[in-house]
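S.K.: Before we start, here is the structure in question, set down as structure tokens.
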Amino acid sequence: MDNTLEVTKDIIRRVLKMPDLEITDNSSSDTIPEWDSLSHVMIIHEIEKKFDIKFSLDDMISIDSFGKLMNIIEAKN
């Protein structure tokens, strides 16, 4: 899980072009203005490729924080 956590954080930092971004379980589009709907889709796409998983539309809509994202990734692995 630790590796998954760090890899996912790195994906988010890369997509948002914010290499020094501190990411917590509560990080979201509300706390990170750069995390808009387009970057959300890009983050999901990169995670799907990296971990060879698929998010359903319901999954994508329900992700409202980094913690929720990690819970879904963990459930799919």
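We label chains A, B, ... in the order they appear in the structure tokens, count residues from 1 in each chain, and number ligands from 1 in the order shown.
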Please identify all polymer residues within 9 Å of Glu46 in chain A, counting only C-alpha atoms, omitting same-chain residues fewer than 3 positions from it, and present them as a PyMOL selection string.

M.R.: chain A and resi 11-12+15+41-43+49-51

S.K.: Could you give me, as a tab-separated table (two decimals) with C-alpha atoms, in the first residue's frame, the residues within 12 Å of Thr24 in chain A, counting only C-alpha atoms and dropping anything in the same chain fewer than 3 positions from it?

M.R.:
```tsv
chain	number	residue	atom	x	y	z
A	5	LEU	CA	0.25	5.65	-1.99
A	6	GLU	CA	3.49	7.28	-3.13
A	8	THR	CA	-0.50	7.83	-6.72
A	9	LYS	CA	0.75	11.03	-5.09
A	12	ILE	CA	-1.21	13.69	-9.05
A	21	LEU	CA	2.48	19.51	-3.50
A	27	SER	CA	-6.76	16.85	-0.39
A	28	SER	CA	-9.36	17.51	-3.08
A	31	THR	CA	-8.20	22.40	-1.40
A	32	ILE	CA	-6.17	22.28	-4.65
A	65	SER	CA	-10.81	13.45	-1.85
A	66	PHE	CA	-7.45	11.75	-2.05
A	67	GLY	CA	-8.48	9.41	0.77
A	68	LYS	CA	-11.53	8.26	-1.17
A	69	LEU	CA	-9.37	7.77	-4.28
A	70	MET	CA	-6.97	5.56	-2.31
```

S.K.: Mind pulling up the distance from CA of Ser56 in chain A to CA of Asn26 in chain A?

M.R.: 21.8 Å

S.K.: For Leu57 in chain A, which residue out of A:Ile44, A:Met18, A:Leu38, A:Val7 is the nearest one, using only C-alpha atoms?

M.R.: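 Checking each candidate against Leu57 in chain A, we get A:Ile44 as the closest.
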
S.K.: Identify which of the residues A:Asn77, A:Ser39, A:Ser62, A:Asn71 lies closest to Lys17 in chain A, counting only C-alpha atoms when measuring atom-to-atom distances.

M.R.: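 Once distances to Lys17 in chain A are computed over only C-alpha atoms, the minimum belongs to A:Ser39.
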
S.K.: Rank A:Ile47, A:Asn3, A:Asp64, A:Asp10 by their smallest atom-to-atom distance to Ile23 in chain A, using only C-alpha atoms, and report the top residue only.

M.R.: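 Looking only at the distances to Ile23 in chain A, the closest residue turns out to be A:Asp10.
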
S.K.: CA of Asp59 in chain A to CA of His40 in chain A: how many Å, to one decimal?

M.R.: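 The value is 12.0 Å.
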
S.K.: If you run DSSP on the backbone, which residues of chain A are helix (DSSP H, G or I), as a PyMOL selection string?

M.R.: chain A and resi 2-16+37-51+57-62+66-76

S.K.: Go through A:Thr4, A:Glu22, A:Arg14, A:Ser29 and flag the residue nearest Lys76 in chain A, using only C-alpha atoms for the distances.

M.R.: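 The answer is A:Thr4, which sits nearest to Lys76 in chain A.
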
S.K.: Could you tell me which of A:Ser37, A:Met60, A:Phe55, A:Asp25 comes closest to Ala75 in chain A if we count only C-alpha atoms?

M.R.: A:Phe55
